[in-house]
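Student: Please find upload-v6.txt (compact mmCIF, C-alpha atoms) on the next line:
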```
# COMPACT_ATOMS: atom_id res chain seq x y z
CA ASN A 54 143.77 16.62 -9.55
CA LYS A 55 140.60 15.09 -10.99
CA PHE A 56 139.16 18.58 -11.51
CA ILE A 57 142.32 19.70 -13.36
CA TYR A 58 142.31 16.61 -15.59
CA ASP A 59 138.59 16.93 -16.36
CA TYR A 60 139.00 20.64 -17.08
CA SER A 61 141.97 20.05 -19.37
CA LYS A 62 139.99 17.38 -21.27
CA PHE A 63 137.04 19.75 -21.66
CA TYR A 64 139.42 22.56 -22.70
CA LEU A 65 141.12 20.48 -25.42
CA ILE A 66 137.93 18.89 -26.78
CA ASN A 67 136.37 22.32 -27.18
CA PHE A 68 139.43 23.62 -29.00
CA CYS A 69 139.21 20.70 -31.43
CA ILE A 70 135.52 21.37 -32.10
CA PHE A 71 136.27 25.06 -32.50
CA ILE A 72 138.95 24.35 -35.13
CA PHE A 73 136.67 22.09 -37.17
CA LEU A 74 133.65 24.41 -37.09
CA THR A 75 135.74 27.50 -37.85
CA HIS A 76 137.23 25.85 -40.92
CA ILE A 77 133.78 24.78 -42.08
CA ASP A 78 132.57 28.34 -41.62
CA ASN A 79 135.60 29.82 -43.41
CA PHE A 80 135.57 27.39 -46.34
CA TYR A 81 131.82 27.18 -46.99
CA PHE A 82 130.42 30.53 -45.93
CA LYS A 83 133.12 33.21 -45.68
CA ASN A 84 135.33 32.32 -48.66
CA TYR A 85 138.35 32.68 -46.38
CA LEU A 86 140.49 30.04 -48.06
CA ILE A 87 144.11 30.46 -47.04
CA HIS A 88 144.14 27.20 -45.10
CA PHE A 89 142.15 25.29 -47.71
CA SER A 90 144.48 26.48 -50.46
CA SER A 91 147.65 25.89 -48.44
CA TRP A 92 146.69 22.34 -47.42
CA ASN A 93 145.61 21.46 -50.98
CA ILE A 94 148.84 22.36 -52.75
CA ASN A 95 149.67 19.15 -54.61
CA TYR A 96 151.85 17.71 -57.37
CA SER A 97 149.60 18.71 -60.26
CA THR A 98 152.50 20.58 -61.89
CA GLY A 99 155.19 18.18 -60.65
CA PHE A 100 157.08 17.55 -57.43
CA ASN A 101 157.40 20.51 -55.07
CA ARG A 102 158.35 20.94 -51.43
CA ARG A 103 154.79 21.47 -50.14
CA GLY A 104 152.56 19.14 -52.13
CA PHE A 105 152.32 15.74 -50.43
CA ILE A 106 149.41 16.39 -48.07
CA GLY A 107 147.39 17.79 -50.99
CA GLU A 108 147.87 14.49 -52.83
CA ILE A 109 146.61 12.62 -49.76
CA ILE A 110 143.52 14.83 -49.52
CA LYS A 111 142.71 14.13 -53.19
CA LEU A 112 142.79 10.38 -52.50
CA ILE A 113 140.67 10.38 -49.32
CA ASN A 114 137.39 11.80 -50.60
CA PRO A 115 137.62 13.68 -53.92
CA SER A 116 133.87 14.37 -54.08
CA GLU A 117 133.93 16.44 -50.86
CA ILE A 118 137.39 17.96 -50.85
CA ILE A 119 136.43 21.01 -48.77
CA PHE A 120 134.87 18.88 -46.03
CA THR A 121 137.76 16.40 -46.20
CA THR A 122 140.29 19.21 -45.73
CA SER A 123 138.41 20.47 -42.65
CA VAL A 124 138.31 16.97 -41.16
CA LEU A 125 141.98 16.25 -41.87
CA ILE A 126 143.22 19.52 -40.33
CA SER A 127 141.03 18.85 -37.29
CA PHE A 128 142.36 15.27 -37.10
CA PHE A 129 145.97 16.45 -36.79
CA PHE A 130 145.04 18.96 -34.10
CA GLY A 131 142.85 16.39 -32.38
CA LEU A 132 145.74 13.91 -32.30
CA VAL A 133 148.05 16.53 -30.77
CA PHE A 134 145.41 17.50 -28.18
CA TYR A 135 144.77 13.82 -27.35
CA ASN A 136 148.49 13.19 -26.87
CA ILE A 137 148.84 16.32 -24.73
CA TYR A 138 145.96 15.19 -22.53
CA LYS A 139 147.41 11.66 -22.13
CA ILE A 140 150.85 13.10 -21.34
CA PHE A 141 149.35 15.62 -18.91
CA LYS A 142 147.40 12.93 -17.09
CA HIS A 143 150.24 10.41 -16.99
CA SER A 144 152.94 12.62 -15.48
CA ASN A 145 153.20 14.69 -12.31
CA GLN A 146 152.21 18.32 -12.94
CA ASN A 147 152.77 21.58 -11.10
CA TYR A 148 152.00 25.31 -11.28
CA LEU A 149 154.01 25.68 -14.47
CA SER A 150 151.90 23.01 -16.14
CA ILE A 151 148.79 25.14 -15.62
CA LEU A 152 150.60 28.18 -17.05
CA ILE A 153 151.56 26.15 -20.12
CA LEU A 154 147.93 25.31 -20.84
CA ILE A 155 147.08 29.01 -21.04
CA SER A 156 150.34 30.13 -22.66
CA PRO A 157 150.14 32.17 -25.90
CA PHE A 158 152.78 29.76 -27.31
CA PHE A 159 150.76 26.61 -26.68
CA ILE A 160 147.17 25.64 -27.51
CA ARG A 161 145.99 29.25 -27.25
CA PHE A 162 148.18 30.30 -30.18
CA ILE A 163 145.79 28.47 -32.51
CA PHE A 164 142.78 30.24 -31.03
CA ASN A 165 144.30 33.72 -30.67
CA ASP A 166 145.77 33.76 -34.18
CA PHE A 167 143.63 31.42 -36.26
CA PRO A 168 145.05 32.59 -39.63
CA GLY A 169 148.61 31.84 -38.51
CA GLY A 170 147.94 28.88 -36.23
CA ASN A 171 146.50 26.35 -38.67
CA PHE A 172 149.35 25.56 -41.03
CA LYS A 173 151.22 22.33 -41.69
CA GLU A 174 153.73 22.48 -38.83
CA ILE A 175 151.03 20.76 -36.78
CA ILE A 176 151.97 17.53 -38.60
CA GLY A 177 155.56 17.69 -37.32
CA ILE A 178 154.33 18.62 -33.84
CA ALA A 179 151.97 15.61 -33.95
CA SER A 180 154.92 13.39 -34.84
CA PHE A 181 156.88 14.71 -31.87
CA THR A 182 154.02 14.23 -29.39
CA CYS A 183 153.55 10.67 -30.67
CA LEU A 184 157.24 9.94 -30.00
CA ILE A 185 156.86 11.20 -26.42
CA ALA A 186 153.68 9.12 -26.01
CA TYR A 187 155.57 6.05 -27.26
CA ASN A 188 158.20 6.54 -24.56
CA LEU A 189 155.60 7.01 -21.82
CA PHE A 190 153.15 4.27 -22.78
CA GLN A 191 155.36 1.84 -24.76
CA LYS A 192 152.74 1.26 -27.46
CA LYS A 193 154.26 0.68 -30.90
CA ILE A 194 151.35 2.39 -32.65
CA TYR A 195 152.69 5.71 -31.34
CA LEU A 196 156.12 5.04 -32.81
CA GLY A 197 154.61 4.05 -36.16
CA LEU A 198 152.48 7.19 -36.17
CA SER A 199 155.52 9.32 -35.33
CA TYR A 200 157.44 7.95 -38.33
CA ILE A 201 154.47 8.29 -40.70
CA LEU A 202 153.58 11.81 -39.59
CA PHE A 203 157.19 12.99 -39.80
CA THR A 204 157.40 11.70 -43.37
CA ILE A 205 154.11 13.34 -44.36
CA GLY A 206 155.16 16.53 -42.59
CA ILE A 207 158.54 17.08 -44.27
CA PHE A 208 157.07 16.34 -47.71
CA SER A 209 154.19 18.75 -47.03
CA HIS A 210 156.18 21.74 -45.73
CA PRO A 211 159.93 22.16 -45.01
CA VAL A 212 159.14 23.86 -41.68
CA ASN A 213 158.57 20.38 -40.23
CA PHE A 214 162.32 19.71 -40.49
CA PHE A 215 162.72 22.11 -37.58
CA VAL A 216 160.98 19.65 -35.26
CA LEU A 217 163.85 17.24 -35.97
CA PRO A 218 166.28 18.81 -33.41
CA PHE A 219 163.70 18.13 -30.68
CA ILE A 220 163.27 14.55 -31.92
CA ILE A 221 167.04 14.01 -31.86
CA PHE A 222 167.28 15.54 -28.37
CA TYR A 223 164.46 13.34 -27.05
CA LEU A 224 165.91 10.17 -28.56
CA TYR A 225 169.34 11.00 -27.15
CA ASN A 226 168.05 11.67 -23.62
CA HIS A 227 165.25 9.12 -23.26
CA PHE A 228 166.14 6.13 -25.45
CA ILE A 229 169.75 5.53 -24.46
CA ALA A 230 169.78 1.81 -25.35
CA LYS A 231 168.06 2.08 -28.74
CA ARG A 232 168.30 5.73 -29.79
CA ILE A 233 170.34 4.99 -32.95
CA LYS A 234 167.96 2.22 -33.99
CA LEU A 235 164.92 4.47 -33.52
CA PHE A 236 166.56 7.40 -35.30
CA LEU A 237 167.07 5.26 -38.41
CA GLY A 238 163.30 5.44 -39.03
CA PHE A 239 163.47 9.24 -39.24
CA LEU A 240 166.73 9.08 -41.19
CA VAL A 241 165.11 6.96 -43.91
CA SER A 242 162.41 9.62 -44.40
CA ILE A 243 165.06 12.35 -44.60
CA GLY A 244 167.05 10.32 -47.12
CA ILE A 245 164.00 9.81 -49.35
CA TYR A 246 163.21 13.52 -49.17
CA ILE A 247 166.77 14.52 -50.11
CA PHE A 248 166.73 12.07 -53.04
CA CYS A 249 163.41 13.45 -54.34
CA PHE A 250 164.49 17.05 -53.83
CA ILE A 251 167.80 16.61 -55.68
CA ASN A 252 166.34 14.62 -58.57
CA PHE A 253 162.91 16.17 -59.09
CA ASN A 254 162.60 19.61 -57.49
CA ASN A 255 164.51 21.45 -60.23
CA LEU A 256 162.62 19.64 -63.00
CA PHE A 257 159.31 21.32 -62.20
CA LYS A 258 158.17 24.80 -61.22
CA PHE A 259 154.94 25.18 -59.34
CA ASN A 260 152.43 26.92 -61.61
CA GLU A 261 149.67 28.63 -59.66
CA ASN A 262 147.27 28.93 -62.59
CA ILE A 263 147.54 25.26 -63.61
CA TRP A 264 147.17 24.08 -60.02
CA CYS A 265 144.20 26.37 -59.37
CA SER A 266 142.37 25.49 -62.62
CA GLU A 267 142.81 21.77 -62.03
CA LEU A 268 141.55 22.04 -58.45
CA ILE A 269 138.45 23.99 -59.53
CA ASN A 270 137.60 21.82 -62.55
CA LYS A 271 138.44 18.40 -61.12
CA PHE A 272 136.55 18.90 -57.87
CA ASN A 273 133.73 21.13 -59.18
CA LEU A 274 134.55 23.98 -56.82
CA ASN A 275 132.38 27.05 -57.07
CA LEU A 276 135.44 29.27 -56.73
CA THR A 277 137.77 31.40 -58.81
CA CYS A 278 141.56 31.57 -58.92
CA GLU A 279 141.34 35.16 -57.66
CA VAL A 280 139.87 33.81 -54.42
CA LEU A 281 141.67 30.47 -54.24
CA ALA A 282 145.23 31.45 -55.10
CA SER A 283 145.97 35.05 -56.03
CA PRO A 284 146.06 36.62 -52.52
CA TYR A 285 148.50 34.04 -51.13
CA ASN A 286 151.54 34.24 -53.45
CA PHE A 287 152.09 30.46 -53.47
CA GLU A 288 154.14 30.52 -56.66
CA PHE A 289 156.82 32.67 -55.04
CA LYS A 290 156.75 30.77 -51.73
CA ILE A 291 157.25 27.39 -53.39
CA ASN A 292 159.61 28.27 -56.25
CA SER A 293 161.79 30.92 -54.58
CA SER A 294 165.42 30.32 -53.70
CA ILE A 295 166.95 30.76 -50.24
CA TYR A 296 168.39 34.12 -51.29
CA GLU A 297 165.00 35.34 -52.56
CA ASN A 298 163.34 34.26 -49.31
CA ILE A 299 165.91 36.09 -47.20
CA LYS A 300 165.56 39.24 -49.29
CA TYR A 301 161.76 39.08 -49.03
CA THR A 302 161.91 38.60 -45.25
CA GLN A 303 164.32 41.51 -44.78
CA SER A 304 161.87 43.85 -46.51
CA PHE A 305 159.40 43.39 -43.62
CA ILE A 306 161.73 43.54 -40.62
CA ASP A 307 162.33 46.82 -38.82
CA ILE A 308 163.34 47.75 -35.26
CA GLY A 309 159.77 47.56 -33.93
CA PHE A 310 159.19 44.15 -35.55
CA PHE A 311 162.45 42.76 -34.14
CA PHE A 312 162.00 44.04 -30.58
CA GLY A 313 158.34 43.03 -30.45
CA TYR A 314 159.21 39.40 -31.09
CA LEU A 315 162.34 39.59 -28.93
CA ILE A 316 160.15 40.61 -25.98
CA LEU A 317 157.82 37.70 -26.74
CA PHE A 318 160.78 35.31 -26.82
CA MET A 319 162.07 36.60 -23.48
CA PHE A 320 158.60 36.21 -21.97
CA GLY A 321 158.49 32.58 -23.12
CA ILE A 322 161.93 31.97 -21.59
CA TRP A 323 160.86 33.65 -18.33
CA THR A 324 157.82 31.36 -18.17
CA ILE A 325 159.83 28.17 -18.58
CA THR A 326 162.78 29.02 -16.29
CA THR A 327 161.09 27.39 -13.27
CA SER A 328 161.09 24.04 -15.09
CA LYS A 329 163.81 21.76 -13.71
CA TYR A 330 163.72 19.87 -17.01
CA PHE A 331 164.50 23.10 -18.89
CA ILE A 332 167.25 24.12 -16.46
CA ASN A 333 168.88 20.68 -16.56
CA ASN A 334 168.93 20.73 -20.37
CA LYS A 335 169.38 24.44 -21.04
CA ILE A 336 172.53 23.93 -23.15
CA TYR A 337 170.68 21.52 -25.44
CA PHE A 338 167.75 23.92 -25.80
CA PHE A 339 170.13 26.77 -26.58
CA LEU A 340 171.63 24.68 -29.39
CA ILE A 341 168.15 23.79 -30.64
CA PHE A 342 167.25 27.48 -30.74
CA ILE A 343 170.41 28.14 -32.76
CA SER A 344 169.15 25.54 -35.24
CA PHE A 345 165.88 27.52 -35.44
CA LEU A 346 167.60 30.79 -36.42
CA PRO A 347 167.47 30.11 -40.20
CA LEU A 348 163.67 30.21 -39.96
CA PHE A 349 163.82 33.84 -38.83
CA PHE A 350 165.81 34.73 -41.96
CA LEU A 351 163.76 32.61 -44.38
CA GLY A 352 160.23 33.54 -43.29
CA ILE A 353 158.31 36.49 -41.89
CA ASP A 354 156.00 34.49 -39.60
CA TRP A 355 158.16 34.90 -36.50
CA GLY A 356 155.24 34.17 -34.18
CA ARG A 357 154.86 30.73 -35.78
CA TRP A 358 158.54 29.92 -35.32
CA LEU A 359 158.38 30.85 -31.62
CA TYR A 360 155.18 28.81 -31.27
CA ILE A 361 156.87 25.66 -32.67
CA PHE A 362 159.92 26.15 -30.45
CA PHE A 363 158.04 26.73 -27.20
CA PHE A 364 155.29 24.20 -27.94
CA CYS A 365 157.92 21.44 -28.10
CA ILE A 366 159.69 22.63 -24.94
CA PHE A 367 156.41 22.96 -23.04
CA THR A 368 155.37 19.45 -24.09
CA LEU A 369 158.67 18.08 -22.81
CA HIS A 370 158.01 19.74 -19.45
CA LEU A 371 154.51 18.24 -19.25
CA ALA A 372 156.02 14.79 -19.91
CA ASP A 373 158.68 15.13 -17.19
CA HIS A 374 157.25 12.84 -14.52
CA LYS A 375 160.39 12.91 -12.36
CA ASN A 376 160.92 16.63 -11.78
CA ASN A 377 157.36 17.99 -11.88
CA LYS A 378 156.33 16.72 -8.45
CA LYS A 379 157.84 19.76 -6.75
CA THR A 380 157.89 23.32 -7.98
CA THR A 381 160.16 26.25 -7.18
CA MET A 382 157.57 28.77 -8.36
CA SER A 383 156.15 31.08 -5.73
CA LYS A 384 152.45 31.85 -5.64
CA ASN A 385 153.13 35.50 -6.46
CA LYS A 386 155.09 34.57 -9.57
CA PHE A 387 152.37 32.10 -10.54
CA LEU A 388 149.66 34.77 -10.26
CA THR A 389 151.77 37.33 -12.14
CA LEU A 390 152.54 34.92 -14.96
CA SER A 391 148.91 33.76 -15.08
CA VAL A 392 147.68 37.29 -15.69
CA LEU A 393 150.42 37.99 -18.26
CA ASN A 394 149.83 34.70 -20.10
CA LEU A 395 146.15 35.53 -20.39
CA LEU A 396 146.83 39.09 -21.59
CA ILE A 397 149.67 38.40 -24.03
CA VAL A 398 149.22 36.93 -27.51
CA ALA A 399 151.81 35.89 -30.09
CA PRO A 400 150.71 37.11 -33.54
CA HIS A 401 152.23 35.04 -36.32
CA PHE A 402 153.15 38.23 -38.19
CA ILE A 403 152.79 42.02 -37.84
CA THR A 404 153.06 44.64 -40.57
CA GLU A 405 154.24 47.31 -38.13
CA PHE A 406 154.83 47.37 -34.41
CA GLU A 407 151.91 48.32 -32.17
CA PHE A 408 151.90 47.31 -28.53
CA LEU A 409 148.24 46.26 -28.63
CA ASP A 410 148.99 43.72 -31.38
CA PHE A 411 150.68 41.61 -28.68
CA THR A 412 147.73 41.72 -26.26
CA ILE A 413 144.34 40.05 -26.05
CA ILE A 414 142.79 43.54 -26.12
CA GLU A 415 143.41 43.78 -29.87
CA ILE A 416 141.62 40.47 -30.50
CA LEU A 417 138.67 41.43 -28.33
CA ASP A 418 138.48 44.84 -29.98
CA LYS A 419 138.29 43.26 -33.43
CA ASN A 420 135.85 40.50 -32.57
CA ILE A 421 133.64 41.58 -29.66
CA PHE A 422 130.99 43.27 -31.78
CA GLU A 423 130.86 40.35 -34.22
CA ILE A 424 130.49 37.92 -31.30
CA ILE A 425 127.64 39.95 -29.80
CA GLN A 426 125.90 40.14 -33.19
CA ASN A 427 126.17 36.36 -33.66
CA ILE A 428 124.75 35.71 -30.20
CA TYR A 429 121.65 37.80 -30.85
CA LYS A 430 121.03 36.88 -34.50
```
Rewrite the structure of this file - the entire thing - as C-alpha cells.
Tutor:
Amino acid sequence: NKFIYDYSKFYLINFCIFIFLTHIDNFYFKNYLIHFSSWNINYSTGFNRRGFIGEIIKLINPSEIIFTTSVLISFFFGLVFYNIYKIFKHSNQNYLSILILISPFFIRFIFNDFPGGNFKEIIGIASFTCLIAYNLFQKKIYLGLSYILFTIGIFSHPVNFFVLPFIIFYLYNHFIAKRIKLFLGFLVSIGIYIFCFINFNNLFKFNENIWCSELINKFNLNLTCEVLASPYNFEFKINSSIYENIKYTQSFIDIGFFFGYLILFMFGIWTITTSKYFINNKIYFFLIFISFLPLFFLGIDWGRWLYIFFFCIFTLHLADHKNNKKTTMSKNKFLTLSVLNLLIVAPHFITEFEFLDFTIIEILDKNIFEIIQNIYK
C-alpha cells in the first residue's frame, strides 16, 4: 500500500509540473496560445458567459499576465491532483482504483490530449473534488473552496454547470441531514448567474478585436491578434445562440465520429462496471448522463464531455471507503483492462474517423521524433 501511495503521489506531482512547464513553453516559446487566450477572455467589452476568470487574472499580477495564467491553470490542476491523492490515500482501494489512475478519461486525458485537456472545466471539477474532501475530512475550508470554485467556474465557462448534477447527487447521498442547507450555497451562485445573464448578457456582444487590442496594449504583449484570437473563433463561441451552436456541431458529426465516441463511452462503462458504488447507483448515473446529452448537441468536443462525466464517476469510486475493500474483478480482466487503458486515448475532437486517433500509437507517432531531438539537443 505504501508503494502505491508513494507512486500515486509521484505520478500526480509530475503531472502538475508537466502542465506548468508545458504552458510556459507554449506561451513563451512556441506561440501556441489557445489556452492563454481562452483563460484570458474577460469583460473588456461587457459581461459575457466566459469572462470572469480573465478578470481575476488581470487583478492578480497584471505585469506578468502570461506567467500568471500559467500559474493559475497549474494551481487548479494541482488542487484537483492534491484532492485526488488525499481521497485515494484516505479510502480503501482495489484493482479498479489502479485502472482509474491510468484511464484515458482521468488524469491521462490531460497528458494525452493537451490542447483539449486544459480548459476551464477543471474549475468545476476542482469544486466537486473539494466537496468530496469536505465530506471525508470535515474541514470547512474544503466546503468554502467548493462554493468559491463553483461560482468562478460557472461565470468562466457554462460547461461547469454540468458538474452540478454530480454535486446534487453527492449531497443527496452523503449529506442526508444537511443536504438542503449545503445546496443553498450552490443555489445562491446559480441565482446570481441567472440574474446577470438575464440582465446583462444581451446588452453586450463580445468583440474579438476590442478584447484582443486591449489585452495586447494594456499588458504590453509582443503578440498580434492574428496569433492571439483569429484561429480560435471566440466571437462565435461566446455570442452564438443555442440554435447556432447545434447547427455548427451538426456540421462536424458523421457516422465515423459518432461511433468512435460511442465505442469510447462503452469502454468507459465497461471499466467502471466492477465498481459496487457504480452498480448501486447506476440509475442515478444514467440520469446524470441524460443531463449531459445537451453538451453533445451544443459542442463538438465530445472527448471533453466524456472526460468530465467519467472523471467525476471515477473520483466517486476512489472516495468509496465502504465498498472498495473487496473487488469482484478477476486478474485476467484487470490485465486486459490495464493494457487497453494504456493503449486507448480519448481525443477531445476528431475531424474524421481514423482508428489510430483513439490509440496511444498516434500520439507516439506524432511526438517520438521531437522527443528524441529534444533529448539529444
Student: Could you check which of A:His370, A:His401, A:Lys62, A:Lys192 is closest to Thr327 of chain A, using all atoms listed in the file?
Tutor: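 Going through A:His370, A:His401, A:Lys62, A:Lys192 one by one, the smallest distance to Thr327 of chain A is for A:His370.
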Student: Would you mind telling me which residue in A:Leu268, A:Asn147, A:Asn286, A:Phe350 lies nearest to Asn298 of chain A when using all atoms listed in the file?
Tutor: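 Going through A:Leu268, A:Asn147, A:Asn286, A:Phe350 one by one, the smallest distance to Asn298 of chain A is for A:Phe350.
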Student: Could you check which of A:Ala179, A:Met319, A:Ile220, A:Ile94 is closest to Ile291 of chain A, using only C-alpha atoms?
Tutor: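 Checking each of A:Ala179, A:Met319, A:Ile220, A:Ile94 against Ile291 of chain A, counting only C-alpha atoms, the winner is A:Ile94.
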Student: Using only C-alpha atoms, which residues sit within 12 Å of Phe318 of chain A once same-chain residues fewer than 5 positions away are excluded, as a count of residues only?
Tutor: 21
Student: Which one of A:Pro347, A:Pro211, A:Gly197, A:Gly177 sits closest to Gly238 of chain A if you count only C-alpha atoms?
Tutor: A:Gly197
Student: For Ile87 of chain A, list every protein, DNA or RNA residue within 9 Å, evaluated using only C-alpha atoms, and leave out those in the same chain fewer than 3 positions away; present the list as a list of chain:residue names.
Tutor: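 Final neighbour list, sorted by chain and number: A:Ser90, A:Ser91, A:Trp92, A:Pro168, A:Leu281, A:Ala282, A:Pro284, A:Tyr285.
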Student: Find the residues near Lys384 of chain A: any atom within 12 Å, counting all atoms listed in the file, skip ones fewer than 5 places away on the same chain, and give them as a list in words.
Tutor: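 The residues satisfying every condition are Asn147, Tyr148, Leu149, Thr389, Leu390 and Ser391 of chain A.
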Student: Only C-alpha atoms, please: the residues just picked out, written as a CSV table (one decimal), in the coordinates of the input.
Tutor:
```csv
chain,number,residue,atom,x,y,z
A,147,ASN,CA,152.8,21.6,-11.1
A,148,TYR,CA,152.0,25.3,-11.3
A,149,LEU,CA,154.0,25.7,-14.5
A,389,THR,CA,151.8,37.3,-12.1
A,390,LEU,CA,152.5,34.9,-15.0
A,391,SER,CA,148.9,33.8,-15.1
```
Student: Do a neighbour search on Asp78 of chain A at 12 Å with only C-alpha atoms, toss out local chain neighbours closer than 6 positions, and write the hits as a ChimeraX atom specification.
Tutor: /A:71-72,84-86,89,119-120,123
Student: Please determine, counting all atoms listed in the file, which residue among A:Asn171, A:Thr121, A:Asn252, A:Thr368 has the shortest atom-to-atom distance to Asn136 of chain A.
Tutor: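 Closest residue, counting all atoms listed in the file: A:Thr368.
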Student: Find the spatial neighbours of segment 63-66 of chain A, counting all atoms listed in the file, within a cut-off of 8 Å - ignore same-chain residues fewer than 5 positions away - and output them as a ChimeraX atom specification.
Tutor: /A:131,134-135,138
Student: What does the distance from atom CA of Ser97 of chain A to atom CA of Gly244 of chain A come to in Å, to one decimal?
Tutor: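 These atoms are spaced 23.4 Å apart.
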Student: Counting only C-alpha atoms, which of A:Ile343, A:Ser304, A:Ser127, A:Cys265 gets nearest to Glu405 of chain A?
Tutor: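 The answer is A:Ser304, which sits nearest to Glu405 of chain A.
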Student: One number please: atom CA of Lys142 of chain A to atom CA of Asp373 of chain A, in Å, one decimal.
Tutor: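 Between atom CA of Lys142 of chain A and atom CA of Asp373 of chain A the gap is 11.5 Å.
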Student: I need every residue sitting at most 6 Å from the point (162.9, 16.8, -14.4) (coordinates as in the file, all atoms listed in the file considered), written as a ChimeraX atom specification.
Tutor: /A:329-330,373,375-376
